[in-house]
Structures are given as C-alpha cells and as structure tokens.
>>> print(open('upload.pdb').read())   # PDB, C-alpha atoms and all ligand atoms
ATOM      1  CA  MET W  24      53.373 112.120 108.163
ATOM      2  CA  LYS W  25      57.109 111.769 107.498
ATOM      3  CA  ASP W  26      59.356 112.784 110.402
ATOM      4  CA  CYS W  27      56.483 113.048 112.901
ATOM      5  CA  ILE W  28      57.514 111.185 116.049
ATOM      6  CA  PHE W  29      53.910 110.525 117.129
ATOM      7  CA  CYS W  30      53.002 109.172 113.668
ATOM      8  CA  LYS W  31      55.936 106.787 114.115
ATOM      9  CA  ILE W  32      54.650 105.768 117.556
ATOM     10  CA  ALA W  33      51.144 105.284 116.081
ATOM     11  CA  SER W  34      52.506 103.004 113.340
ATOM     12  CA  GLY W  35      54.730 101.066 115.767
ATOM     13  CA  GLU W  36      57.931 102.232 114.061
ATOM     14  CA  ILE W  37      59.034 103.793 117.377
ATOM     15  CA  PRO W  38      58.239 101.856 120.566
ATOM     16  CA  SER W  39      56.102 103.342 123.306
ATOM     17  CA  ASN W  40      54.857 102.307 126.721
ATOM     18  CA  LYS W  41      51.314 101.757 125.474
ATOM     19  CA  VAL W  42      48.267 101.752 127.753
ATOM     20  CA  TYR W  43      45.492 101.695 125.118
ATOM     21  CA  GLU W  44      45.037 101.215 121.377
ATOM     22  CA  ASP W  45      42.147 100.922 118.946
ATOM     23  CA  ASP W  46      41.800 101.554 115.204
ATOM     24  CA  GLN W  47      41.772 105.360 115.633
ATOM     25  CA  VAL W  48      43.619 106.169 118.849
ATOM     26  CA  ILE W  49      46.701 105.197 120.803
ATOM     27  CA  ALA W  50      47.629 106.183 124.375
ATOM     28  CA  PHE W  51      51.043 105.792 125.972
ATOM     29  CA  HIS W  52      53.025 106.982 128.977
ATOM     30  CA  ASP W  53      54.849 110.310 128.553
ATOM     31  CA  LEU W  54      58.659 109.975 128.527
ATOM     32  CA  SER W  55      58.969 112.895 130.989
ATOM     33  CA  PRO W  56      56.036 112.515 133.356
ATOM     34  CA  ALA W  57      54.740 115.680 135.031
ATOM     35  CA  ALA W  58      52.935 113.637 137.721
ATOM     36  CA  LYS W  59      52.597 110.040 138.927
ATOM     37  CA  VAL W  60      50.288 109.333 135.990
ATOM     38  CA  HIS W  61      51.019 111.121 132.708
ATOM     39  CA  VAL W  62      49.593 109.555 129.585
ATOM     40  CA  LEU W  63      49.362 111.019 126.081
ATOM     41  CA  VAL W  64      46.256 110.231 124.031
ATOM     42  CA  ILE W  65      46.671 110.808 120.288
ATOM     43  CA  PRO W  66      44.781 110.182 117.072
ATOM     44  CA  LYS W  67      46.589 107.770 114.729
ATOM     45  CA  LYS W  68      45.791 110.114 111.839
ATOM     46  CA  HIS W  69      48.078 113.146 111.705
ATOM     47  CA  ILE W  70      46.445 116.386 112.883
ATOM     48  CA  ALA W  71      48.967 119.090 113.890
ATOM     49  CA  ASN W  72      47.079 120.563 116.837
ATOM     50  CA  VAL W  73      43.756 122.008 118.040
ATOM     51  CA  MET W  74      43.929 124.688 115.323
ATOM     52  CA  GLU W  75      43.421 121.943 112.709
ATOM     53  CA  ILE W  76      40.226 120.504 114.191
ATOM     54  CA  ASN W  77      37.290 121.004 111.857
ATOM     55  CA  GLU W  78      33.886 119.581 110.907
ATOM     56  CA  GLU W  79      35.509 116.711 109.017
ATOM     57  CA  ASN W  80      37.833 115.443 111.759
ATOM     58  CA  SER W  81      36.182 116.506 115.035
ATOM     59  CA  GLY W  82      34.676 113.042 115.505
ATOM     60  CA  ILE W  83      38.114 111.788 116.502
ATOM     61  CA  VAL W  84      38.234 114.370 119.301
ATOM     62  CA  ALA W  85      34.935 113.093 120.695
ATOM     63  CA  HIS W  86      36.325 109.570 120.538
ATOM     64  CA  ILE W  87      39.557 110.646 122.257
ATOM     65  CA  PHE W  88      37.503 112.024 125.166
ATOM     66  CA  GLU W  89      35.613 108.723 125.423
ATOM     67  CA  VAL W  90      39.020 107.010 125.639
ATOM     68  CA  ILE W  91      40.174 109.528 128.262
ATOM     69  CA  ALA W  92      37.099 108.772 130.412
ATOM     70  CA  TYR W  93      37.791 105.040 130.040
ATOM     71  CA  LEU W  94      41.480 105.470 130.918
ATOM     72  CA  ALA W  95      40.707 107.690 133.907
ATOM     73  CA  LYS W  96      38.834 104.728 135.400
ATOM     74  CA  GLU W  97      41.419 102.137 134.300
ATOM     75  CA  LEU W  98      44.254 104.195 135.784
ATOM     76  CA  LYS W  99      42.272 104.844 138.987
ATOM     77  CA  LEU W 100      42.116 108.609 138.615
ATOM     78  CA  GLU W 101      38.630 108.992 140.130
ATOM     79  CA  GLN W 102      39.948 111.508 142.686
ATOM     80  CA  GLY W 103      40.723 113.895 139.855
ATOM     81  CA  PHE W 104      42.991 114.610 136.939
ATOM     82  CA  ARG W 105      43.750 117.202 134.290
ATOM     83  CA  VAL W 106      43.495 117.058 130.482
ATOM     84  CA  VAL W 107      45.738 119.495 128.583
ATOM     85  CA  SER W 108      46.440 120.131 124.903
ATOM     86  CA  ASN W 109      49.229 122.627 124.266
ATOM     87  CA  CYS W 110      48.921 124.534 120.987
ATOM     88  CA  ASN W 111      51.666 126.310 119.046
ATOM     89  CA  GLU W 112      54.521 128.404 120.412
ATOM     90  CA  PHE W 113      52.770 130.422 123.123
ATOM     91  CA  GLY W 114      50.956 127.283 124.286
ATOM     92  CA  GLY W 115      54.247 125.433 124.677
ATOM     93  CA  GLN W 116      53.601 122.738 122.065
ATOM     94  CA  SER W 117      56.757 120.737 121.306
ATOM     95  CA  VAL W 118      55.369 117.833 119.252
ATOM     96  CA  PHE W 119      53.182 118.943 116.357
ATOM     97  CA  HIS W 120      50.791 116.001 116.294
ATOM     98  CA  LEU W 121      47.559 116.548 118.234
ATOM     99  CA  HIS W 122      47.764 115.032 121.711
ATOM    100  CA  PHE W 123      45.986 115.298 125.013
ATOM    101  CA  HIS W 124      47.997 115.017 128.221
ATOM    102  CA  LEU W 125      46.089 113.018 130.867
ATOM    103  CA  ILE W 126      47.763 113.940 134.144
ATOM    104  CA  GLY W 127      46.935 112.749 137.649
ATOM    105  CA  GLY W 128      47.609 110.168 140.322
ATOM    106  CA  GLU W 129      48.391 112.845 142.917
ATOM    107  CA  GLN W 130      47.359 116.362 143.969
ATOM    108  CA  LEU W 131      48.258 118.654 141.061
ATOM    109  CA  ASP W 132      49.731 121.965 142.231
ATOM    110  CA  VAL W 133      50.138 124.165 139.158
ATOM    111  CA  LYS W 134      46.710 125.602 138.480
ATOM    112  CA  MET W 135      46.702 127.673 135.281
ATOM    113  CA  CYS W 136      43.083 128.765 135.314
TER     114      CYS W 136
HETATM  115  P1  LIG N 201      53.832 119.056 124.174
HETATM  116  O1  LIG N 201      55.029 119.757 124.748
HETATM  117  O2  LIG N 201      52.531 119.490 124.740
HETATM  118  O3  LIG N 201      53.871 119.084 122.665
HETATM  119  O4  LIG N 201      53.947 117.537 124.634
HETATM  120  C1  LIG N 201      54.805 116.623 124.025
HETATM  121  C2  LIG N 201      55.058 115.564 125.046
HETATM  122  O5  LIG N 201      55.562 114.435 124.376
HETATM  123  C3  LIG N 201      56.097 115.927 126.127
HETATM  124  O6  LIG N 201      55.472 115.840 127.409
HETATM  125  C4  LIG N 201      57.197 114.891 125.939
HETATM  126  O7  LIG N 201      57.741 114.465 127.171
HETATM  127  C5  LIG N 201      56.463 113.776 125.230
HETATM  128  N1  LIG N 201      57.252 112.914 124.384
HETATM  129  C6  LIG N 201      58.105 113.268 123.404
HETATM  130  N2  LIG N 201      58.611 112.179 122.791
HETATM  131  C7  LIG N 201      58.031 111.107 123.393
HETATM  132  C8  LIG N 201      58.130 109.694 123.213
HETATM  133  N3  LIG N 201      58.927 109.147 122.277
HETATM  134  N4  LIG N 201      57.390 108.882 124.019
HETATM  135  C9  LIG N 201      56.608 109.413 124.972
HETATM  136  N5  LIG N 201      56.463 110.739 125.181
HETATM  137  C10 LIG N 201      57.177 111.571 124.407
END
>>> encode(input="upload.pdb", output="structure tokens")
Amino acid sequence: MKDCIFCKIASGEIPSNKVYEDDQVIAFHDLSPAAKVHVLVIPKKHIANVMEINEENSGIVAHIFEVIAYLAKELKLEQGFRVVSNCNEFGGQSVFHLHFHLIGGEQLDVKMC
C-alpha cells in the first residue's frame, strides 16, 4: 500500500534491522524498544489492524504466531515475554499495518491485564 511505512519495510524499500523473513512475514527490531528485546512481526501483505482480520486472511495470523514461537526460542525468551497488537486510536496504534510487538529479555513491569 502506498505511503505505508511497514509495506516499504516489507518490500525492502526502507531498511530495517531484520531478524526473520519468509515469503509471508518479516520481523525486525523496533526503532524505539520498550524492553531489551522488542521485535515487530508483520505480514508482508497490507492488513490495517486486528479489525481487518477475517476468514480469508486469518491464516497469516496463525503463521505469525508460529514465527513468534520460533523467534521466542531464537531470541532466548524462554523465561517469558509479551505479545501485543495495538488497534486504532484508543489502543494506541501509530502504524496502520498489522503488527505484533514481541517484547521481552527482562522482567516486564507494566501489566495491563
Ligand atoms: P504501534 O504504536 O503499536 O502502531 O507500533 C508501531 C511501532 O513501530 C512503534 O513501536 C515504533 O517504534 C515502531 N516503528 C515505527 N517506524 C519504525 C521503523 N522504521 N523501524 C522499526 N520500528 C518502527
């Protein structure tokens, strides 16, 4: 999608500090890490956020969680981590391309629920 920063990262137009890539998914370090490990896992195909997940595209979400489980081991997060997807204004979403924050590497202190 034109003007979507994460589409540009997915296509390689904008560089990223990549930790994983396959034909459907890319994962890279967040520019402003909230913890020692903070990786974003995104589908290459543009989906705005969780509100746009449906029967036709939900397979990518299952695949993203397989990648998250793989990365949790690769990044040595066995002691624990958090997966977050912010949605729309009240959820604090700032980039409108579906992404999952994988956060860990230390004790996380802000417990939302
Ligand atoms: P959210 O606020 O949930 O939409 O998350 C967007 C995240 O993308 C924020 O944590 C930003 O720090 C991160 N971010 C924005 N631009 C980039 C970029 N070019 N490379 C890596 N992370 C980015």
>>> atom_distance(input="upload.pdb", atom1="CA of Gln102 (chain W)", atom2="CA of His120 (chain W)")
28.9 Å
>>> resolve_selection(input="upload.pdb", expression="the PyMOL selection byres (((not hetatm)) within 7 of (chain N and resi 201))", output="JSON, numbers by chain")
{"W": [28, 39, 51, 52, 53, 54, 55, 56, 108, 109, 115, 116, 117, 118, 119]}
>>> atom_distance(input="upload.pdb", atom1="CA of Cys27 (chain W)", atom2="CA of Ala58 (chain W)")
25.1 Å
>>> closest_residue(input="upload.pdb", among="W:Ile65, W:Ile126, W:Glu44, W:Ile49", to="Glu101 (chain W)", atoms="all atoms listed in the file")
W:Ile126
>>> atom_distance(input="upload.pdb", atom1="CA of Arg105 (chain W)", atom2="CA of Leu125 (chain W)")
5.9 Å
>>> closest_residue(input="upload.pdb", among="W:Ile83, W:Leu100, W:Val60, W:Ile91", to="Gln47 (chain W)", atoms="all atoms listed in the file")
W:Ile83
>>> closest_residue(input="upload.pdb", among="W:Lys41, W:Lys96, W:Lys68, W:His61", to="Leu131 (chain W)", atoms="only C-alpha atoms")
W:His61
>>> closest_residue(input="upload.pdb", among="W:Ala50, W:Val62, W:Ile37, W:Val73", to="Gly128 (chain W)", atoms="all atoms listed in the file")
W:Val62
>>> resolve_selection(input="upload.pdb", expression="the PyMOL selection byres (((chain W and resi 134) around 12) and not hetatm)", output="list in words")
Phe104, Arg105, Val107, Gln130, Leu131, Asp132, Val133, Met135 and Cys136 of chain W
>>> closest_residue(input="upload.pdb", among="W:Ala57, W:Val106, W:Ile76, W:Val42", to="Phe88 (chain W)", atoms="all atoms listed in the file")
W:Val106
>>> closest_residue(input="upload.pdb", among="W:Leu121, W:Glu112, W:His86, W:Lys99", to="Lys59 (chain W)", atoms="all atoms listed in the file")
W:Lys99
>>> residues_around(input="upload.pdb", residues="Val48 (chain W)", least_positions_apart="5", cutoff="8 Å", atoms="all atoms listed in the file", output="NGL selection string")
:W and (43 or 64-67 or 87)
>>> decode(input="upload.pdb", residues="chain W", atoms="C-alpha atoms", output="JSON list (two decimals), in the first residue's frame")
[["chain", "number", "residue", "atom", "x", "y", "z"],
["W", 24, "MET", "CA", 0.00, 0.00, 0.00],
["W", 25, "LYS", "CA", 1.35, 3.42, -0.99],
["W", 26, "ASP", "CA", 2.73, 5.50, 1.89],
["W", 27, "CYS", "CA", 2.63, 2.62, 4.39],
["W", 28, "ILE", "CA", 5.98, 2.52, 6.17],
["W", 29, "PHE", "CA", 5.68, -1.19, 7.03],
["W", 30, "CYS", "CA", 4.81, -2.08, 3.42],
["W", 31, "LYS", "CA", 8.02, -0.25, 2.47],
["W", 32, "ILE", "CA", 9.98, -2.24, 5.07],
["W", 33, "ALA", "CA", 8.38, -5.47, 3.77],
["W", 34, "SER", "CA", 9.42, -4.67, 0.19],
["W", 35, "GLY", "CA", 12.94, -3.60, 1.24],
["W", 36, "GLU", "CA", 12.38, 0.00, 0.10],
["W", 37, "ILE", "CA", 13.09, 1.15, 3.68],
["W", 38, "PRO", "CA", 15.85, -0.67, 5.59],
["W", 39, "SER", "CA", 15.16, -2.47, 8.83],
["W", 40, "ASN", "CA", 17.13, -4.42, 11.40],
["W", 41, "LYS", "CA", 15.68, -7.74, 10.27],
["W", 42, "VAL", "CA", 15.63, -10.85, 12.46],
["W", 43, "TYR", "CA", 13.41, -13.12, 10.31],
["W", 44, "GLU", "CA", 11.88, -13.24, 6.84],
["W", 45, "ASP", "CA", 9.90, -15.71, 4.76],
["W", 46, "ASP", "CA", 7.51, -15.34, 1.81],
["W", 47, "GLN", "CA", 4.65, -14.08, 4.02],
["W", 48, "VAL", "CA", 6.19, -12.49, 7.11],
["W", 49, "ILE", "CA", 9.02, -10.22, 8.15],
["W", 50, "ALA", "CA", 10.25, -9.46, 11.68],
["W", 51, "PHE", "CA", 12.57, -6.63, 12.67],
["W", 52, "HIS", "CA", 13.76, -4.75, 15.74],
["W", 53, "ASP", "CA", 11.56, -1.83, 16.86],
["W", 54, "LEU", "CA", 13.23, 1.58, 16.43],
["W", 55, "SER", "CA", 12.15, 2.59, 19.96],
["W", 56, "PRO", "CA", 12.49, -0.56, 22.04],
["W", 57, "ALA", "CA", 10.25, -0.86, 25.11],
["W", 58, "ALA", "CA", 12.49, -3.59, 26.59],
["W", 59, "LYS", "CA", 15.82, -5.32, 25.94],
["W", 60, "VAL", "CA", 14.16, -7.34, 23.18],
["W", 61, "HIS", "CA", 11.45, -5.62, 21.13],
["W", 62, "VAL", "CA", 10.72, -7.10, 17.73],
["W", 63, "LEU", "CA", 7.81, -6.36, 15.39],
["W", 64, "VAL", "CA", 6.34, -9.26, 13.42],
["W", 65, "ILE", "CA", 4.27, -8.20, 10.40],
["W", 66, "PRO", "CA", 2.57, -9.77, 7.41],
["W", 67, "LYS", "CA", 4.07, -8.65, 4.08],
["W", 68, "LYS", "CA", 0.54, -8.20, 2.74],
["W", 69, "HIS", "CA", -1.11, -4.99, 3.93],
["W", 70, "ILE", "CA", -3.76, -5.51, 6.63],
["W", 71, "ALA", "CA", -4.53, -2.35, 8.65],
["W", 72, "ASN", "CA", -5.03, -3.95, 12.05],
["W", 73, "VAL", "CA", -6.85, -6.67, 14.01],
["W", 74, "MET", "CA", -10.21, -5.22, 12.92],
["W", 75, "GLU", "CA", -9.42, -6.33, 9.35],
["W", 76, "ILE", "CA", -8.75, -9.99, 10.16],
["W", 77, "ASN", "CA", -11.33, -12.24, 8.54],
["W", 78, "GLU", "CA", -11.89, -15.78, 7.25],
["W", 79, "GLU", "CA", -9.87, -15.05, 4.11],
["W", 80, "ASN", "CA", -6.71, -13.69, 5.75],
["W", 81, "SER", "CA", -6.64, -15.26, 9.23],
["W", 82, "GLY", "CA", -4.19, -17.93, 8.07],
["W", 83, "ILE", "CA", -1.45, -15.31, 8.11],
["W", 84, "VAL", "CA", -2.16, -14.64, 11.80],
["W", 85, "ALA", "CA", -1.70, -18.33, 12.61],
["W", 86, "HIS", "CA", 1.56, -18.26, 10.69],
["W", 87, "ILE", "CA", 2.70, -15.10, 12.50],
["W", 88, "PHE", "CA", 2.20, -16.89, 15.84],
["W", 89, "GLU", "CA", 4.27, -19.84, 14.60],
["W", 90, "VAL", "CA", 7.01, -17.31, 13.74],
["W", 91, "ILE", "CA", 6.64, -15.68, 17.17],
["W", 92, "ALA", "CA", 7.12, -19.07, 18.89],
["W", 93, "TYR", "CA", 10.20, -19.70, 16.72],
["W", 94, "LEU", "CA", 11.63, -16.23, 17.46],
["W", 95, "ALA", "CA", 10.96, -16.54, 21.19],
["W", 96, "LYS", "CA", 13.35, -19.51, 21.19],
["W", 97, "GLU", "CA", 15.86, -17.89, 18.81],
["W", 98, "LEU", "CA", 15.96, -14.72, 20.92],
["W", 99, "LYS", "CA", 16.21, -16.74, 24.16],
["W", 100, "LEU", "CA", 12.95, -15.51, 25.65],
["W", 101, "GLU", "CA", 12.07, -18.79, 27.39],
["W", 102, "GLN", "CA", 11.74, -17.01, 30.75],
["W", 103, "GLY", "CA", 8.78, -15.09, 29.37],
["W", 104, "PHE", "CA", 7.68, -12.37, 27.02],
["W", 105, "ARG", "CA", 4.63, -10.42, 25.91],
["W", 106, "VAL", "CA", 2.87, -10.22, 22.52],
["W", 107, "VAL", "CA", 0.85, -7.05, 21.89],
["W", 108, "SER", "CA", -1.13, -5.71, 18.94],
["W", 109, "ASN", "CA", -2.40, -2.16, 19.40],
["W", 110, "CYS", "CA", -5.59, -1.36, 17.47],
["W", 111, "ASN", "CA", -6.91, 2.05, 16.45],
["W", 112, "GLU", "CA", -6.90, 5.27, 18.47],
["W", 113, "PHE", "CA", -7.89, 4.01, 21.93],
["W", 114, "GLY", "CA", -5.49, 1.08, 21.55],
["W", 115, "GLY", "CA", -2.61, 3.43, 20.79],
["W", 116, "GLN", "CA", -1.91, 2.21, 17.25],
["W", 117, "SER", "CA", 0.50, 4.52, 15.42],
["W", 118, "VAL", "CA", 1.36, 2.47, 12.31],
["W", 119, "PHE", "CA", -1.70, 1.20, 10.46],
["W", 120, "HIS", "CA", -0.25, -2.05, 9.14],
["W", 121, "LEU", "CA", -0.97, -5.10, 11.31],
["W", 122, "HIS", "CA", 1.95, -5.88, 13.61],
["W", 123, "PHE", "CA", 2.63, -7.85, 16.74],
["W", 124, "HIS", "CA", 5.10, -6.49, 19.27],
["W", 125, "LEU", "CA", 7.25, -9.29, 20.75],
["W", 126, "ILE", "CA", 8.66, -7.83, 23.95],
["W", 127, "GLY", "CA", 10.96, -9.46, 26.49],
["W", 128, "GLY", "CA", 14.53, -10.08, 27.54],
["W", 129, "GLU", "CA", 13.89, -8.73, 31.05],
["W", 130, "GLN", "CA", 11.18, -8.58, 33.73],
["W", 131, "LEU", "CA", 8.31, -6.58, 32.23],
["W", 132, "ASP", "CA", 6.74, -4.19, 34.75],
["W", 133, "VAL", "CA", 3.69, -2.65, 33.10],
["W", 134, "LYS", "CA", 0.95, -5.24, 33.42],
["W", 135, "MET", "CA", -2.22, -4.11, 31.62],
["W", 136, "CYS", "CA", -4.41, -7.08, 32.41]]
